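Participant: My structure file run02.pdb, PDB, C-alpha atoms, is below:
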```pdb
ATOM      1  CA  MET A   1     -29.265  -6.473 -60.378
ATOM      2  CA  ASN A   2     -27.660  -9.259 -58.391
ATOM      3  CA  VAL A   3     -23.887  -9.186 -57.695
ATOM      4  CA  GLU A   4     -21.850 -11.791 -55.829
ATOM      5  CA  LEU A   5     -19.161 -10.298 -53.573
ATOM      6  CA  ARG A   6     -16.221 -12.546 -52.657
ATOM      7  CA  PHE A   7     -13.792 -11.693 -49.875
ATOM      8  CA  PHE A   8     -10.345 -13.132 -49.220
ATOM      9  CA  ALA A   9      -7.910 -13.370 -46.279
ATOM     10  CA  THR A  10      -8.334 -10.523 -43.759
ATOM     11  CA  PHE A  11     -11.284  -9.087 -45.698
ATOM     12  CA  ARG A  12     -13.109 -12.393 -45.282
ATOM     13  CA  GLN A  13     -12.488 -12.174 -41.535
ATOM     14  CA  ALA A  14     -13.825  -8.598 -41.455
ATOM     15  CA  VAL A  15     -17.037  -9.602 -43.245
ATOM     16  CA  GLY A  16     -17.425 -12.919 -41.460
ATOM     17  CA  GLN A  17     -18.022 -14.964 -44.596
ATOM     18  CA  LYS A  18     -16.487 -15.625 -47.985
ATOM     19  CA  VAL A  19     -19.460 -14.801 -50.209
ATOM     20  CA  VAL A  20     -22.187 -12.176 -49.899
ATOM     21  CA  GLU A  21     -24.920 -11.527 -52.462
ATOM     22  CA  ARG A  22     -26.187  -7.979 -52.948
ATOM     23  CA  GLU A  23     -28.829  -6.279 -55.042
ATOM     24  CA  TYR A  24     -27.718  -3.004 -56.638
ATOM     25  CA  PRO A  25     -29.530  -0.611 -58.946
ATOM     26  CA  GLU A  26     -28.531  -0.579 -62.625
ATOM     27  CA  GLY A  27     -25.508   1.638 -63.232
ATOM     28  CA  THR A  28     -23.869   1.011 -59.834
ATOM     29  CA  THR A  29     -20.093   1.307 -60.080
ATOM     30  CA  ILE A  30     -17.370  -0.656 -58.338
ATOM     31  CA  GLY A  31     -16.527   2.485 -56.368
ATOM     32  CA  GLU A  32     -20.098   2.812 -55.098
ATOM     33  CA  ALA A  33     -20.190  -0.849 -54.087
ATOM     34  CA  LEU A  34     -16.881  -0.502 -52.214
ATOM     35  CA  HIS A  35     -18.107   2.644 -50.416
ATOM     36  CA  ASP A  36     -21.204   0.715 -49.330
ATOM     37  CA  LEU A  37     -19.056  -2.152 -48.026
ATOM     38  CA  GLU A  38     -16.842   0.182 -46.008
ATOM     39  CA  ALA A  39     -19.956   1.731 -44.456
ATOM     40  CA  GLU A  40     -21.575  -1.647 -43.715
ATOM     41  CA  TYR A  41     -18.627  -3.565 -42.253
ATOM     42  CA  GLU A  42     -16.608  -1.880 -39.516
ATOM     43  CA  GLY A  43     -13.581  -4.068 -40.295
ATOM     44  CA  LEU A  44     -13.520  -2.770 -43.879
ATOM     45  CA  SER A  45     -13.851   0.908 -42.968
ATOM     46  CA  GLY A  46     -10.905   2.753 -44.545
ATOM     47  CA  GLN A  47      -9.444  -0.474 -45.925
ATOM     48  CA  LEU A  48     -10.694  -0.335 -49.523
ATOM     49  CA  ILE A  49     -10.704   3.313 -50.612
ATOM     50  CA  GLU A  50      -8.154   6.076 -50.150
ATOM     51  CA  ASP A  51      -8.637   9.613 -51.476
ATOM     52  CA  GLY A  52     -11.519   8.445 -53.659
ATOM     53  CA  ASP A  53      -9.548   5.702 -55.346
ATOM     54  CA  LEU A  54      -8.738   2.082 -54.636
ATOM     55  CA  ARG A  55      -6.138   1.791 -51.876
ATOM     56  CA  PRO A  56      -2.677   0.700 -53.035
ATOM     57  CA  HIS A  57      -2.106  -3.044 -53.298
ATOM     58  CA  ILE A  58      -5.828  -3.877 -53.075
ATOM     59  CA  ASN A  59      -6.957  -6.075 -55.945
ATOM     60  CA  VAL A  60     -10.538  -6.015 -57.161
ATOM     61  CA  LEU A  61     -11.629  -8.332 -59.951
ATOM     62  CA  LYS A  62     -14.914  -7.952 -61.819
ATOM     63  CA  SER A  63     -15.826 -11.423 -63.040
ATOM     64  CA  GLY A  64     -12.143 -12.338 -63.245
ATOM     65  CA  ARG A  65     -10.877  -9.097 -64.829
ATOM     66  CA  GLU A  66      -8.769  -6.627 -62.854
ATOM     67  CA  ALA A  67     -10.844  -3.484 -62.260
ATOM     68  CA  LEU A  68      -7.819  -1.233 -62.791
ATOM     69  CA  HIS A  69      -7.570  -2.553 -66.362
ATOM     70  CA  LEU A  70     -11.224  -1.689 -66.966
ATOM     71  CA  ASP A  71     -12.525   1.723 -65.833
ATOM     72  CA  GLY A  72     -11.256   1.395 -62.265
ATOM     73  CA  MET A  73     -13.655   2.677 -59.640
ATOM     74  CA  GLU A  74     -15.994   3.918 -62.390
ATOM     75  CA  THR A  75     -16.458   0.411 -63.840
ATOM     76  CA  GLU A  76     -20.175  -0.340 -63.905
ATOM     77  CA  LEU A  77     -21.387  -3.589 -62.431
ATOM     78  CA  GLU A  78     -23.722  -5.830 -64.399
ATOM     79  CA  ASP A  79     -26.290  -8.374 -63.323
ATOM     80  CA  GLY A  80     -24.574 -11.641 -62.406
ATOM     81  CA  ASP A  81     -21.116 -10.111 -61.906
ATOM     82  CA  ARG A  82     -18.766 -11.562 -59.326
ATOM     83  CA  LEU A  83     -16.685  -8.938 -57.509
ATOM     84  CA  SER A  84     -13.621 -10.468 -55.829
ATOM     85  CA  ILE A  85     -11.785  -8.306 -53.286
ATOM     86  CA  PHE A  86      -8.240  -9.175 -52.178
ATOM     87  CA  PRO A  87      -6.236  -7.401 -49.440
ATOM     88  CA  PRO A  88      -2.528  -6.674 -49.786
ATOM     89  CA  VAL A  89      -0.480  -9.826 -49.367
ATOM     90  CA  ALA A  90       3.048 -10.011 -47.998
ATOM     91  CA  GLY A  91       5.224 -12.998 -47.598
ATOM     92  CA  GLY A  92       8.729 -14.204 -47.518
TER      93      GLY A  92
END
```
Have the structure of the file written as structure tokens, please.

Facilitator:
Amino acid sequence: MNVELRFFATFRQAVGQKVVEREYPEGTTIGEALHDLEAEYEGLSGQLIEDGDLRPHINVLKSGREALHLDGMETELEDGDRLSIFPPVAGG
């Protein structure tokens, strides 16, 4: 299945582009996709997952819906999904 991965702010810098398309087998979860990204991109290593769960203040949206309000890391991806990954944001 085809999934569009979208990266924002510092995560975009780590990946080197805003959008990446990936093919995943049926039944792939958000957690598995994030593990793959940490392994593939050095700048993402340790930035997405902590103790087997999404790191605090990281936002991941599956086709516009917050993953934490679905099944979290166990949320299965579907063909045509768009996974948007946002780093923590601070401001003043």

Participant: Applying 10 Å and all atoms listed in the file, which residues near region 39-42 of chain A remain after dropping the ones on its own chain fewer than 5 positions away? List them as number ranges by chain.

Facilitator: A: 11, 14-16, 33-34, 47

Participant: List the spatial neighbours of Gly46 (chain A) as a PDB file with C-alpha atoms, in the coordinates of the input - criterion: any atom at most 10 Å away, only C-alpha atoms, same-chain residues fewer than 6 positions off excluded.

Facilitator:
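File produced: part_15.pdb:
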```pdb
ATOM      1  CA  HIS A  35     -18.107   2.644 -50.416  1.00  0.00           C
ATOM      2  CA  GLU A  38     -16.842   0.182 -46.008  1.00  0.00           C
ATOM      3  CA  ALA A  39     -19.956   1.731 -44.456  1.00  0.00           C
ATOM      4  CA  ARG A  55      -6.138   1.791 -51.876  1.00  0.00           C
TER       5      ARG A  55
END
```

Participant: Report as a PyMOL selection string all protein, DNA and RNA residues lying within 7 Å of Leu5 (chain A), evaluated on all atoms listed in the file, omitting residues in the same chain fewer than 6 positions from it.

Facilitator: chain A and resi 19-21+82-84

Participant: Set the distance at 10 Å and use only C-alpha atoms: which residues neighbour region 62-71 of chain A once local chain neighbours fewer than 6 positions away are removed? I'd like the list as a list of chain:residue names.

Facilitator: A:Val3, A:Glu4, A:Leu5, A:Thr29, A:Ile30, A:Leu54, A:Leu77, A:Glu78, A:Gly80, A:Asp81, A:Arg82, A:Leu83, A:Ser84, A:Ile85

Participant: Kindly give the distance, in Å, that separates CA of Gln13 (chain A) and CA of Thr75 (chain A), rounded to a single decimal.

Facilitator: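 The value is 25.9 Å.
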
Participant: Grab the CA of Gly31 (chain A) to CA of Glu74 (chain A) distance for me, in Å with one decimal place.

Facilitator: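 Taking CA of Gly31 (chain A) and CA of Glu74 (chain A), their separation equals 6.2 Å.
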
Participant: To test your reading of the syntax: which residues would the PyMOL selection byres ((chain A and resi 18) around 7) return for the file shown? Reply as a list in words.

Facilitator: Arg6, Phe7, Phe8, Arg12, Gln17, Val19 and Val20 of chain A

Participant: Kindly extract all protein, DNA and RNA residues lying within 7 Å of the coordinates (-10.0, 7.0, -60.8) given in the file, considering all atoms listed in the file, and supply them as a ChimeraX atom specification.

Facilitator: /A:53,72-74

Participant: Which distance in Å separates CA of Glu32 (chain A) and CA of Val60 (chain A), to one decimal?

Facilitator: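 Between CA of Glu32 (chain A) and CA of Val60 (chain A) the gap is 13.2 Å.
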
Participant: How big is the axis-aligned box around the listed atoms of region 63-71 of chain A once 3 Å is added on each side, and where is its centre? Give both in Å to one decimal, as JSON.

Facilitator:
```
{"center_x": -11.7, "center_y": -5.3, "center_z": -64.6, "size_x": 14.3, "size_y": 20.1, "size_z": 10.7}
```

Participant: Restrict the output to region 77-88 of chain A and N, CA and C atoms, then write it as an mmCIF file, in the first residue's frame.

Facilitator:
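So the final result, stored in result_16.cif, reads:
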```cif
data_model
loop_
_atom_site.group_PDB
_atom_site.id
_atom_site.type_symbol
_atom_site.label_atom_id
_atom_site.label_comp_id
_atom_site.auth_asym_id
_atom_site.auth_seq_id
_atom_site.Cartn_x
_atom_site.Cartn_y
_atom_site.Cartn_z
ATOM 1 N N LEU A 77 -2.111 1.583 9.164
ATOM 2 C CA LEU A 77 -2.144 2.461 7.996
ATOM 3 C C LEU A 77 -2.951 1.800 6.893
ATOM 4 N N GLU A 78 -3.534 2.628 6.040
ATOM 5 C CA GLU A 78 -4.315 2.140 4.910
ATOM 6 C C GLU A 78 -3.789 2.773 3.632
ATOM 7 N N ASP A 79 -4.024 2.090 2.531
ATOM 8 C CA ASP A 79 -3.580 2.604 1.240
ATOM 9 C C ASP A 79 -4.108 4.021 1.024
ATOM 10 N N GLY A 80 -3.213 4.919 0.645
ATOM 11 C CA GLY A 80 -3.593 6.307 0.375
ATOM 12 C C GLY A 80 -3.550 7.212 1.589
ATOM 13 N N ASP A 81 -3.214 6.675 2.762
ATOM 14 C CA ASP A 81 -3.117 7.523 3.957
ATOM 15 C C ASP A 81 -2.016 8.558 3.796
ATOM 16 N N ARG A 82 -2.189 9.647 4.538
ATOM 17 C CA ARG A 82 -1.177 10.697 4.631
ATOM 18 C C ARG A 82 -0.793 10.774 6.109
ATOM 19 N N LEU A 83 0.464 10.492 6.413
ATOM 20 C CA LEU A 83 0.960 10.540 7.783
ATOM 21 C C LEU A 83 1.774 11.815 7.959
ATOM 22 N N SER A 84 1.269 12.738 8.773
ATOM 23 C CA SER A 84 1.938 14.017 9.010
ATOM 24 C C SER A 84 2.614 13.970 10.374
ATOM 25 N N ILE A 85 3.897 14.348 10.417
ATOM 26 C CA ILE A 85 4.699 14.211 11.627
ATOM 27 C C ILE A 85 5.261 15.582 12.015
ATOM 28 N N PHE A 86 4.850 16.048 13.210
ATOM 29 C CA PHE A 86 5.221 17.379 13.686
ATOM 30 C C PHE A 86 6.106 17.265 14.926
ATOM 31 N N PRO A 87 7.226 17.997 14.969
ATOM 32 C CA PRO A 87 8.069 18.010 16.166
ATOM 33 C C PRO A 87 7.440 18.902 17.235
ATOM 34 N N PRO A 88 7.988 18.841 18.458
ATOM 35 C CA PRO A 88 7.521 19.776 19.480
ATOM 36 C C PRO A 88 7.779 21.211 19.026
#
```
